[in-house]
There are 2 protein chains.
Amino acid sequence: MASQESGTAMSPKITGELLRQLRHAMRNCKYFSEPIQAYIVPSGDAHQSEYIAPCDCRREFICGFNGSAGTAIVTEQHAAMWTDGRYFLQASQQMDNNWTLMKMGLKETPSQEDWLISILPENSRVGVDPWIIAADQWKNMSKALISAGHSLVAVQDNLIDAVWADRPERPSTQLRTLGLEYTGISWQDKINTLRAKMTERKITWFVATALDEIAWLFNLRGADIEYNPVFFAYTIVGMNTIRLFVDLKRLSDPALRAHLQLDSPSKPELSIQTFPYESVYTELQAICAALGPKDKVWICDKASCALTQVIPKSHRTPIPYTPLCLSKAVKNTTEIQGMKMAHIKDAVALCELFAWLEKEIPKGIVTEISAADKAEELRSQQKDFVGLSFPTISSVGPNGAIIHYRPLPETNRTLTTNEVYLIDSGAQYIDGTTDVTRTVHFGTPSAFEKECFTYVLKGHIAVSAAIFPNGTKGHLLDSFARAALWESGLDYLHGTGHGVGCFLNVHEGPCGISYKTFADEPLEAGMIVSDEPGYYEDGSFGIRIENVVLVVPAQPKYNYRNRGSLTFEALTLVPIQVKMMNTELLTQKERDWVNEYHRKCREVVGAELERQGRKEGLEWLIRETQPIV
Amino acid sequence: MASQESGTAMSPKITGELLRQLRHAMRNCKYFSEPIQAYIVPSGDAHQSEYIAPCDCRREFICGFNGSAGTAIVTEQHAAMWTDGRYFLQASQQMDNNWTLMKMGLKETPSQEDWLISILPENSRVGVDPWIIAADQWKNMSKALISAGHSLVAVQDNLIDAVWADRPERPSTQLRTLGLEYTGISWQDKINTLRAKMTERKITWFVATALDEIAWLFNLRGADIEYNPVFFAYTIVGMNTIRLFVDLKRLSDPALRAHLQLDSPSKPELSIQTFPYESVYTELQAICAALGPKDKVWICDKASCALTQVIPKSHRTPIPYTPLCLSKAVKNTTEIQGMKMAHIKDAVALCELFAWLEKEIPKGIVTEISAADKAEELRSQQKDFVGLSFPTISSVGPNGAIIHYRPLPETNRTLTTNEVYLIDSGAQYIDGTTDVTRTVHFGTPSAFEKECFTYVLKGHIAVSAAIFPNGTKGHLLDSFARAALWESGLDYLHGTGHGVGCFLNVHEGPCGISYKTFADEPLEAGMIVSDEPGYYEDGSFGIRIENVVLVVPAQPKYNYRNRGSLTFEALTLVPIQVKMMNTELLTQKERDWVNEYHRKCREVVGAELERQGRKEGLEWLIRETQPIV
């Protein structure tokens, strides 16, 4: 993506004519009984995906702003777009004068509700596509509008699509089946486990809308959304039936049909009925029409308003995390083995990259973009490589201080021996997903750079080496990552870690490590999260040290109330640059941690580098893993 | 209270006749148009106080259980009482066979809603006194009952009071005025600040229902509730009016009338109109009847359902913490000075206590109860002593492992040189409120006791010495208190700290340090909280080290984004027993912290002990504050 985005210029999109057409549609009774006075364009898709396909980039289409978060609202007179601090500059460059940028988080910025209420004429109707607004968001917005005498209206035809002449097709990429050697559990067993949980909670139906949950459930992968090996689908599971809603053209491959047992189901209750993707609404309506008085339907509270509202309220049991989300988060032995392999291969690629960078940088021709491209090239040489797991953040000096930076031609800096280099990158392999950040200096770092790096390292180690009781939520560990920075008056303004999927989304719920997330589920052995504290000195440099870590049982001296303890095992095995450390600031325990980590990198990744005959990477690894004294 | 409670026997209350009378009242159309099928008896008062007056102990009256938390529900056939794990044993001993104990937190225990729904006949009416159920609790209960075809009914006459023949009077103790030398800010200035906040948020009325907020606002104190220097009252503040609802008999004292300027207000908008306590309902109705279309009324979301529902929903702005609660939490210079003085006097009493205990224990006659009484006696000798701030927890050996223990004659143990002694106690002085826990051994502690004590101490220091950014919420510091225990597989099952009032409630919001509290407000310089990690070995011993600490600005090396940093300064100045420490487990930084803390104890408290001519306490202090090496 880093290089693909290079064409995206930062000049504003001209939107006058588009807005004229949209406003025309807002008055057009083809779409509703009465005109609407405002139309909300959220940034998600019908599955509330974090990354979306081009056909779903409706907010970008109407206003020009292509950041990952933002909501546009168009009225007869106004057009406004809300986004957060990461994107103020980008949004102001990408939107023309028709648009007002609403800077979220600033005191003077009104909420979407307050803004609408302040400008709408009495008794206004505000429209939104109920498929791309989550049920809980609908509820809040609707409540606020009603209390001010307005109403929120579900507009079934998407009005952006109505004015989007050359809207891309919804992707329908080839589906990939994953055998037990990758998944560890058959989809049939996953269905059985799901049904056991439904029985336990007296639930009769479960509606799955999150794409990664559906891919995980059926042991299938797609490529409909860049970086995310998912495919557009819905699933409804009953106690005796399984309905899969997907572009039916995708189901012609005999291997896939055999995998899903479409032609010869082993048992009737494991027979998958397939339906066109679009028919989920009518099919769910039919199911709900036949519900018994005590029947309950599980659906995630973040699912689309459209599907949620099909289920009568008395039968609806909304849940913050679905049983699939919770099961998926706890990796089984096979998945853990795969994740370990993927991280070893990934480490091989990075050792080679750093060895290459050391050689090439003095020539003055390596840029943020070419370094990212080289990283991708080296990863692509590894077995079972599928693609990147997110756009590479490859940043030099001041660019490193922009937390969500991606290099573009107009920002592209050259790597030198004078500035700190931060690279946050990862890949999808068939056996696992990686995400690693290293911060290095190819010359001599300043004392301040080293000091900050060392505080970040202390935070990284404090989380990674923490021992904590079973049942602890990840947010309780967040301050461990900050304590050393706080002690010197420093901090970073992002969370410390996110859940990581296994050949699935690089960000997944329900666990994480953040001061912000209070709805996270307790950490359990088998869960996989990132540990990535940082420090960002605006205009100067950025530091982040990120490993993907596995939650494993710990055996401390005592075992209070038999609760058991947990700790982390690093899956990422890439040396952390000793040159960047002020080792005098480290405690003996911390030095021991670094040495043990490097010993393991050398042992495990060294063996693989040797097996692959990658001498330069191996030499670099051996040099970079010398013990500190 | 420790000694006062000694009369409370643990035999069950006989409730058959009372329940018959209550059920009769539930069918009696004097109280409502149609009979009710169930009656809920919550444990609070109309102000949602943590501690309540005898006249409000309705749940205790009907079922016999006198713990601090519990809800009773009576139907035609059943009587059940819900309480949590702290009270299972006590409740089962205090209730007779008419009652079913509902053990909250156990998987098999139904919620109150589920239980009601499972036993009630169709279309039942469930009654509750709307004055003693909080608005948010009413909402949840009502929703659950309605979804099952029942309804929640507000019963204006309290049915327990109707059957409670010798119910005590509502206390109406003498009010005490506090001058600027104690409060730092006049009540007039507090009203002005409140109105400024109302103006900023476009609020026209504010309803105060929490007793400590009203006491703080008017710089008055009462003694209506044991341990809490508050008085029964309500206040409604508008932009030009102040209404105080209180037993009017209390307002005859000329000094009090002068303090409140009742007879000669300085300005019309600072004129206090006084009304009988009971008339708050009708007065608020009258105010609400005259509201303009844009008028908004602030009320805490934990206020009573009765008062909350008087305010029409469109005019009601419920808030989790009122502006008074937030202002009160940040102590001004005068209050801080007073709190410091109160803690020095309190330390003098404790130094004397420990010196006395050392001398008396070998005689074998000191018990948990007599030690608590001695502590109270010594405190009462200090200037401006008013009373205890909570019932003293004085516990020996296994009793120390019962977190909410209070010594009773039947549990009372003798202090010896063989067991750990834990004393958690505090007092109200006119200049401040104290709360301190020390854990000591008068003989030779075991290696395990020392090890656990040292982990708890490490946690105490980690919080107390933490430096953190302005705006940090207390719950982000909770894990610091646990890290050392966790590392050895240990933990404690309570929060780490609570807000402390200034000659007010020993527990106050909106700040605290807990893994449980997510609605806490950010810590600010001037806030005062406790820091009290512990460890409890069931059947053997309990350890807790508690200081009250003041949030103060810190000046670390850097100042990221000019946010500023905070840390804590200990107000409690009582030596921490070195004999209980395994000093080898402490880092140099921790040893330095202990030595510096003890140096300050010796300097500050030593001077006061000397001034008061308390030689034994001084000798003890000097011995106990020898530096560790």
# chains A, B, ... in the order shown; residues from 1 in each chain; ligands from 1

$ residues_around --residues "B:Val126" --least-positions-apart "4" --cutoff "8 Å" --atoms "only C-alpha atoms" --output "PyMOL selection string"
chain B and resi 36-40+150-153

$ write_last_selection --atoms "N, CA and C atoms" --output "PDB file, in the first residue's frame"
ATOM      1  N   ILE B  36     -49.860  -4.712  45.580  1.00  0.00           N
ATOM      2  CA  ILE B  36     -48.612  -5.078  44.909  1.00  0.00           C
ATOM      3  C   ILE B  36     -48.252  -6.512  45.290  1.00  0.00           C
ATOM      4  N   GLN B  37     -47.557  -7.189  44.367  1.00  0.00           N
ATOM      5  CA  GLN B  37     -47.220  -8.604  44.588  1.00  0.00           C
ATOM      6  C   GLN B  37     -45.800  -8.779  45.139  1.00  0.00           C
ATOM      7  N   ALA B  38     -45.015  -7.717  45.107  1.00  0.00           N
ATOM      8  CA  ALA B  38     -43.664  -7.810  45.674  1.00  0.00           C
ATOM      9  C   ALA B  38     -43.257  -6.426  46.144  1.00  0.00           C
ATOM     10  N   TYR B  39     -42.385  -6.395  47.169  1.00  0.00           N
ATOM     11  CA  TYR B  39     -41.919  -5.102  47.684  1.00  0.00           C
ATOM     12  C   TYR B  39     -40.409  -5.186  47.855  1.00  0.00           C
ATOM     13  N   ILE B  40     -39.739  -4.214  47.291  1.00  0.00           N
ATOM     14  CA  ILE B  40     -38.274  -4.189  47.351  1.00  0.00           C
ATOM     15  C   ILE B  40     -37.835  -3.259  48.477  1.00  0.00           C
ATOM     16  N   HIS B 150     -44.426  -7.308  33.696  1.00  0.00           N
ATOM     17  CA  HIS B 150     -44.764  -6.785  35.015  1.00  0.00           C
ATOM     18  C   HIS B 150     -44.554  -5.268  35.017  1.00  0.00           C
ATOM     19  N   SER B 151     -44.704  -4.674  36.198  1.00  0.00           N
ATOM     20  CA  SER B 151     -44.400  -3.249  36.276  1.00  0.00           C
ATOM     21  C   SER B 151     -43.792  -2.910  37.632  1.00  0.00           C
ATOM     22  N   LEU B 152     -42.983  -1.845  37.639  1.00  0.00           N
ATOM     23  CA  LEU B 152     -42.386  -1.351  38.877  1.00  0.00           C
ATOM     24  C   LEU B 152     -43.212  -0.138  39.316  1.00  0.00           C
ATOM     25  N   VAL B 153     -43.631  -0.147  40.573  1.00  0.00           N
ATOM     26  CA  VAL B 153     -44.556   0.867  41.070  1.00  0.00           C
ATOM     27  C   VAL B 153     -43.883   1.664  42.186  1.00  0.00           C
TER      28      VAL B 153
END

$ interface_residues --of "chain B" --to "chain A" --cutoff "7 Å" --atoms "only C-alpha atoms" --output "list of chain:residue names"
B:Ile467, B:Phe468, B:Pro469, B:Leu476, B:Leu477, B:Ser479, B:Trp486, B:Glu487, B:Ser488, B:Gly489, B:Leu490, B:Asp491, B:Pro556, B:Lys557, B:Tyr558, B:Asn559, B:Tyr560, B:Ser565

$ write_last_selection --atoms "all heavy atoms" --output "short mmCIF file (atom, residue, chain, number, x, y, z; two decimals), in the first residue's frame"
data_model
loop_
_atom_site.label_atom_id
_atom_site.label_comp_id
_atom_site.auth_asym_id
_atom_site.auth_seq_id
_atom_site.Cartn_x
_atom_site.Cartn_y
_atom_site.Cartn_z
N ILE B 467 5.14 8.84 39.31
CA ILE B 467 4.99 10.12 38.63
C ILE B 467 4.13 9.84 37.41
O ILE B 467 4.36 8.84 36.71
CB ILE B 467 6.36 10.71 38.25
CG1 ILE B 467 7.14 11.02 39.53
CG2 ILE B 467 6.22 11.95 37.39
CD1 ILE B 467 8.57 11.46 39.27
N PHE B 468 3.14 10.66 37.16
CA PHE B 468 2.20 10.38 36.06
C PHE B 468 1.68 11.69 35.50
O PHE B 468 1.71 12.73 36.18
CB PHE B 468 1.05 9.49 36.57
CG PHE B 468 0.42 9.97 37.85
CD1 PHE B 468 -0.68 10.82 37.81
CD2 PHE B 468 0.93 9.60 39.09
CE1 PHE B 468 -1.26 11.28 38.99
CE2 PHE B 468 0.35 10.06 40.28
CZ PHE B 468 -0.74 10.90 40.22
N PRO B 469 1.20 11.67 34.25
CA PRO B 469 0.79 12.94 33.64
C PRO B 469 -0.48 13.49 34.27
O PRO B 469 -1.34 12.74 34.71
CB PRO B 469 0.50 12.56 32.17
CG PRO B 469 1.00 11.18 31.98
CD PRO B 469 1.07 10.54 33.33
N LEU B 476 -5.63 3.88 36.53
CA LEU B 476 -4.44 3.50 35.75
C LEU B 476 -3.25 3.24 36.66
O LEU B 476 -2.22 2.73 36.22
CB LEU B 476 -4.11 4.59 34.73
CG LEU B 476 -5.13 4.71 33.60
CD1 LEU B 476 -4.87 5.94 32.75
CD2 LEU B 476 -5.08 3.46 32.71
N LEU B 477 -3.35 3.61 37.93
CA LEU B 477 -2.24 3.38 38.86
C LEU B 477 -2.43 2.10 39.67
O LEU B 477 -1.52 1.67 40.38
CB LEU B 477 -2.11 4.57 39.82
CG LEU B 477 -2.03 5.96 39.18
CD1 LEU B 477 -1.89 7.01 40.26
CD2 LEU B 477 -0.85 6.03 38.20
N SER B 479 -2.53 -1.10 39.06
CA SER B 479 -1.63 -2.25 38.85
C SER B 479 -0.24 -2.03 39.45
O SER B 479 0.45 -2.99 39.77
CB SER B 479 -1.48 -2.56 37.36
OG SER B 479 -2.73 -2.87 36.81
N TRP B 486 1.83 -9.78 42.25
CA TRP B 486 1.56 -10.60 41.07
C TRP B 486 2.78 -11.43 40.67
O TRP B 486 2.66 -12.59 40.29
CB TRP B 486 1.15 -9.71 39.89
CG TRP B 486 -0.27 -9.22 39.95
CD1 TRP B 486 -1.21 -9.52 40.88
CD2 TRP B 486 -0.90 -8.33 39.01
NE1 TRP B 486 -2.38 -8.87 40.58
CE2 TRP B 486 -2.23 -8.14 39.45
CE3 TRP B 486 -0.48 -7.67 37.84
CZ2 TRP B 486 -3.14 -7.32 38.74
CZ3 TRP B 486 -1.37 -6.86 37.16
CH2 TRP B 486 -2.69 -6.68 37.60
N GLU B 487 3.95 -10.79 40.76
CA GLU B 487 5.18 -11.47 40.34
C GLU B 487 5.39 -12.76 41.13
O GLU B 487 6.02 -13.70 40.65
CB GLU B 487 6.36 -10.53 40.50
CG GLU B 487 7.51 -10.89 39.59
CD GLU B 487 8.68 -9.93 39.73
OE1 GLU B 487 8.46 -8.73 40.02
OE2 GLU B 487 9.82 -10.39 39.55
N SER B 488 4.87 -12.78 42.37
CA SER B 488 4.99 -13.99 43.19
C SER B 488 3.69 -14.78 43.23
O SER B 488 3.54 -15.68 44.07
CB SER B 488 5.41 -13.61 44.60
OG SER B 488 6.74 -13.12 44.56
N GLY B 489 2.75 -14.44 42.38
CA GLY B 489 1.50 -15.20 42.32
C GLY B 489 0.49 -14.79 43.37
O GLY B 489 -0.48 -15.51 43.61
N LEU B 490 0.68 -13.61 44.00
CA LEU B 490 -0.24 -13.15 45.05
C LEU B 490 -1.07 -11.96 44.56
O LEU B 490 -0.79 -11.39 43.51
CB LEU B 490 0.57 -12.77 46.30
CG LEU B 490 1.50 -13.87 46.85
CD1 LEU B 490 2.29 -13.36 48.04
CD2 LEU B 490 0.71 -15.13 47.20
N ASP B 491 -2.07 -11.58 45.35
CA ASP B 491 -2.95 -10.47 44.96
C ASP B 491 -3.83 -10.13 46.16
O ASP B 491 -3.78 -10.80 47.19
CB ASP B 491 -3.84 -10.89 43.78
CG ASP B 491 -4.45 -9.70 43.03
OD1 ASP B 491 -4.12 -8.55 43.36
OD2 ASP B 491 -5.26 -9.93 42.11
N PRO B 556 9.40 16.32 36.81
CA PRO B 556 10.40 15.43 36.21
C PRO B 556 11.23 16.21 35.18
O PRO B 556 10.97 17.37 34.90
CB PRO B 556 9.56 14.35 35.56
CG PRO B 556 8.24 14.98 35.29
CD PRO B 556 8.04 16.02 36.34
N LYS B 557 12.20 15.49 34.63
CA LYS B 557 13.18 16.08 33.71
C LYS B 557 12.52 16.76 32.50
O LYS B 557 12.91 17.83 32.08
CB LYS B 557 14.06 14.92 33.23
CG LYS B 557 15.35 15.29 32.59
CD LYS B 557 16.21 14.02 32.47
CE LYS B 557 17.42 14.24 31.59
NZ LYS B 557 18.15 12.97 31.38
N TYR B 558 11.52 16.10 31.90
CA TYR B 558 10.88 16.64 30.71
C TYR B 558 9.42 16.97 31.01
O TYR B 558 8.89 16.61 32.06
CB TYR B 558 10.98 15.64 29.55
CG TYR B 558 12.39 15.22 29.26
CD1 TYR B 558 12.83 13.92 29.54
CD2 TYR B 558 13.31 16.14 28.73
CE1 TYR B 558 14.13 13.54 29.28
CE2 TYR B 558 14.63 15.76 28.47
CZ TYR B 558 15.03 14.46 28.75
OH TYR B 558 16.31 14.09 28.50
N ASN B 559 8.77 17.62 30.04
CA ASN B 559 7.37 18.01 30.21
C ASN B 559 6.65 17.85 28.88
O ASN B 559 6.41 18.81 28.16
CB ASN B 559 7.30 19.46 30.73
CG ASN B 559 5.88 19.86 31.08
OD1 ASN B 559 4.96 19.03 31.06
ND2 ASN B 559 5.68 21.12 31.38
N TYR B 560 6.31 16.60 28.55
CA TYR B 560 5.74 16.24 27.25
C TYR B 560 4.46 17.02 26.98
O TYR B 560 3.52 16.98 27.77
CB TYR B 560 5.46 14.73 27.25
CG TYR B 560 4.87 14.20 25.97
CD1 TYR B 560 5.58 14.24 24.78
CD2 TYR B 560 3.60 13.65 25.97
CE1 TYR B 560 5.04 13.74 23.62
CE2 TYR B 560 3.05 13.13 24.81
CZ TYR B 560 3.77 13.19 23.63
OH TYR B 560 3.22 12.70 22.48
N SER B 565 3.16 17.08 35.25
CA SER B 565 3.14 15.78 35.91
C SER B 565 2.69 15.91 37.34
O SER B 565 2.75 16.99 37.93
CB SER B 565 4.54 15.15 35.85
OG SER B 565 4.88 14.80 34.53
#

$ select_by_dssp --residues "stretch 70-159 of chain B" --states "strand (DSSP E or B)" --output "tab-separated table (two decimals) with N, CA and C atoms, in the first residue's frame"
chain	number	residue	atom	x	y	z
B	71	THR	N	-30.07	-6.08	49.68
B	71	THR	CA	-31.42	-5.69	49.26
B	71	THR	C	-32.37	-6.83	49.58
B	72	ALA	N	-33.47	-6.48	50.26
B	72	ALA	CA	-34.47	-7.50	50.59
B	72	ALA	C	-35.65	-7.36	49.63
B	73	ILE	N	-36.25	-8.48	49.26
B	73	ILE	CA	-37.48	-8.45	48.46
B	73	ILE	C	-38.48	-9.42	49.09
B	74	VAL	N	-39.68	-8.91	49.30
B	74	VAL	CA	-40.73	-9.73	49.92
B	74	VAL	C	-41.88	-9.88	48.93
B	75	THR	N	-42.32	-11.11	48.70
B	75	THR	CA	-43.52	-11.35	47.90
B	75	THR	C	-44.54	-12.04	48.81
B	79	ALA	N	-39.45	-14.50	50.77
B	79	ALA	CA	-38.69	-13.35	51.27
B	79	ALA	C	-37.22	-13.69	51.00
B	80	ALA	N	-36.54	-12.82	50.28
B	80	ALA	CA	-35.16	-13.12	49.89
B	80	ALA	C	-34.31	-11.88	50.09
B	81	MET	N	-33.03	-12.10	50.36
B	81	MET	CA	-32.13	-10.97	50.61
B	81	MET	C	-30.81	-11.22	49.89
B	82	TRP	N	-30.42	-10.25	49.05
B	82	TRP	CA	-29.19	-10.34	48.26
B	82	TRP	C	-28.05	-9.60	48.97
B	83	THR	N	-26.94	-10.26	49.15
B	83	THR	CA	-25.75	-9.54	49.63
B	83	THR	C	-24.50	-10.20	49.01
B	95	MET	N	-30.40	-13.88	59.85
B	95	MET	CA	-31.75	-14.01	59.29
B	95	MET	C	-32.37	-15.35	59.69
B	100	THR	N	-34.59	-16.33	52.43
B	100	THR	CA	-33.61	-17.02	51.59
B	100	THR	C	-32.45	-16.07	51.36
B	101	LEU	N	-31.23	-16.56	51.65
B	101	LEU	CA	-30.05	-15.72	51.41
B	101	LEU	C	-29.62	-15.89	49.95
B	102	MET	N	-29.56	-14.79	49.22
B	102	MET	CA	-29.15	-14.82	47.82
B	102	MET	C	-27.70	-14.37	47.75
B	103	LYS	N	-26.82	-15.33	47.47
B	103	LYS	CA	-25.39	-15.04	47.51
B	103	LYS	C	-24.92	-14.44	46.19
B	125	ARG	N	-47.33	-6.40	39.99
B	125	ARG	CA	-46.87	-5.05	40.34
B	125	ARG	C	-45.84	-5.17	41.46
B	126	VAL	N	-44.66	-4.63	41.19
B	126	VAL	CA	-43.58	-4.68	42.17
B	126	VAL	C	-43.41	-3.28	42.74
B	127	GLY	N	-43.48	-3.15	44.04
B	127	GLY	CA	-43.39	-1.83	44.65
B	127	GLY	C	-42.02	-1.52	45.21
B	128	VAL	N	-41.70	-0.24	45.27
B	128	VAL	CA	-40.46	0.20	45.92
B	128	VAL	C	-40.66	1.66	46.34
B	134	ALA	N	-32.04	4.59	43.70
B	134	ALA	CA	-31.42	5.59	42.83
B	134	ALA	C	-32.06	5.53	41.45
B	151	SER	N	-44.70	-4.67	36.20
B	151	SER	CA	-44.40	-3.25	36.28
B	151	SER	C	-43.79	-2.91	37.63
B	152	LEU	N	-42.98	-1.85	37.64
B	152	LEU	CA	-42.39	-1.35	38.88
B	152	LEU	C	-43.21	-0.14	39.32
B	153	VAL	N	-43.63	-0.15	40.57
B	153	VAL	CA	-44.56	0.87	41.07
B	153	VAL	C	-43.88	1.66	42.19
B	154	ALA	N	-43.95	2.98	42.09
B	154	ALA	CA	-43.41	3.82	43.16
B	154	ALA	C	-44.44	3.91	44.29

$ closest_residue --among "A:Ala53, A:Val506, A:Ile185, A:Ile543" --to "A:Glu419" --atoms "only C-alpha atoms"
A:Ile543

$ residues_around --residues "A:Leu353" --least-positions-apart "6" --cutoff "9 Å" --atoms "only C-alpha atoms" --output "list in words"
Ala371, Lys374, Ala375, Leu378 and Gly617 of chain A

$ write_last_selection --atoms "N, CA, C and O atoms" --output "PDB file, in the first residue's frame"
ATOM      1  N   ALA A 371      12.797   1.425   0.952  1.00  0.00           N
ATOM      2  CA  ALA A 371      13.056   0.511   2.068  1.00  0.00           C
ATOM      3  C   ALA A 371      11.822  -0.358   2.328  1.00  0.00           C
ATOM      4  O   ALA A 371      11.927  -1.568   2.563  1.00  0.00           O
ATOM      5  N   LYS A 374      11.616  -2.915  -0.328  1.00  0.00           N
ATOM      6  CA  LYS A 374      12.609  -3.978  -0.120  1.00  0.00           C
ATOM      7  C   LYS A 374      12.111  -4.956   0.963  1.00  0.00           C
ATOM      8  O   LYS A 374      12.252  -6.170   0.826  1.00  0.00           O
ATOM      9  N   ALA A 375      11.524  -4.399   2.016  1.00  0.00           N
ATOM     10  CA  ALA A 375      10.993  -5.264   3.075  1.00  0.00           C
ATOM     11  C   ALA A 375       9.933  -6.195   2.500  1.00  0.00           C
ATOM     12  O   ALA A 375       9.911  -7.399   2.798  1.00  0.00           O
ATOM     13  N   LEU A 378      11.596  -8.921   0.366  1.00  0.00           N
ATOM     14  CA  LEU A 378      12.246  -9.967   1.164  1.00  0.00           C
ATOM     15  C   LEU A 378      11.216 -10.873   1.831  1.00  0.00           C
ATOM     16  O   LEU A 378      11.391 -12.094   1.903  1.00  0.00           O
ATOM     17  N   GLY A 617      22.254 -11.746   6.378  1.00  0.00           N
ATOM     18  CA  GLY A 617      21.300 -11.624   7.486  1.00  0.00           C
ATOM     19  C   GLY A 617      21.843 -12.294   8.740  1.00  0.00           C
ATOM     20  O   GLY A 617      21.713 -11.763   9.852  1.00  0.00           O
TER      21      GLY A 617
END

$ atom_distance --atom1 "atom CA of B:Cys452" --atom2 "atom CA of B:Val629"
20.3 Å

$ atom_distance --atom1 "atom CA of B:Gly397" --atom2 "atom CA of B:His441"
9.9 Å

$ decode --residues "stretch 565-600 of chain B" --atoms "C-alpha atoms" --output "PDB file, in the first residue's frame"
ATOM      1  CA  SER B 565       3.144  15.778  35.905  1.00  0.00           C
ATOM      2  CA  LEU B 566       1.773  14.740  39.265  1.00  0.00           C
ATOM      3  CA  THR B 567       2.864  12.563  42.142  1.00  0.00           C
ATOM      4  CA  PHE B 568       1.786  11.950  45.749  1.00  0.00           C
ATOM      5  CA  GLU B 569       2.860  13.386  49.089  1.00  0.00           C
ATOM      6  CA  ALA B 570       2.075  11.286  52.145  1.00  0.00           C
ATOM      7  CA  LEU B 571      -0.138  13.054  54.700  1.00  0.00           C
ATOM      8  CA  THR B 572      -0.097  10.050  57.017  1.00  0.00           C
ATOM      9  CA  LEU B 573       3.165  10.120  58.985  1.00  0.00           C
ATOM     10  CA  VAL B 574       3.237   6.919  61.033  1.00  0.00           C
ATOM     11  CA  PRO B 575       6.316   4.650  60.838  1.00  0.00           C
ATOM     12  CA  ILE B 576       5.995   1.448  58.798  1.00  0.00           C
ATOM     13  CA  GLN B 577       7.385  -1.405  60.874  1.00  0.00           C
ATOM     14  CA  VAL B 578      10.871  -2.287  59.608  1.00  0.00           C
ATOM     15  CA  LYS B 579      10.765  -5.560  61.535  1.00  0.00           C
ATOM     16  CA  MET B 580       8.068  -6.748  59.110  1.00  0.00           C
ATOM     17  CA  MET B 581      10.247  -6.014  56.059  1.00  0.00           C
ATOM     18  CA  ASN B 582      12.566  -8.364  54.267  1.00  0.00           C
ATOM     19  CA  THR B 583      14.841  -5.493  53.292  1.00  0.00           C
ATOM     20  CA  GLU B 584      16.810  -7.697  50.899  1.00  0.00           C
ATOM     21  CA  LEU B 585      13.759  -7.799  48.657  1.00  0.00           C
ATOM     22  CA  LEU B 586      13.714  -4.004  48.417  1.00  0.00           C
ATOM     23  CA  THR B 587      15.528  -2.109  45.681  1.00  0.00           C
ATOM     24  CA  GLN B 588      17.820   0.747  46.621  1.00  0.00           C
ATOM     25  CA  LYS B 589      15.147   3.194  45.468  1.00  0.00           C
ATOM     26  CA  GLU B 590      12.607   1.556  47.754  1.00  0.00           C
ATOM     27  CA  ARG B 591      14.992   1.591  50.712  1.00  0.00           C
ATOM     28  CA  ASP B 592      15.616   5.273  50.049  1.00  0.00           C
ATOM     29  CA  TRP B 593      11.862   5.888  49.992  1.00  0.00           C
ATOM     30  CA  VAL B 594      11.405   4.155  53.365  1.00  0.00           C
ATOM     31  CA  ASN B 595      14.275   6.086  54.927  1.00  0.00           C
ATOM     32  CA  GLU B 596      13.076   9.425  53.607  1.00  0.00           C
ATOM     33  CA  TYR B 597       9.515   8.678  54.774  1.00  0.00           C
ATOM     34  CA  HIS B 598      10.756   7.766  58.236  1.00  0.00           C
ATOM     35  CA  ARG B 599      12.992  10.819  58.356  1.00  0.00           C
ATOM     36  CA  LYS B 600       9.940  12.978  57.727  1.00  0.00           C
TER      37      LYS B 600
END
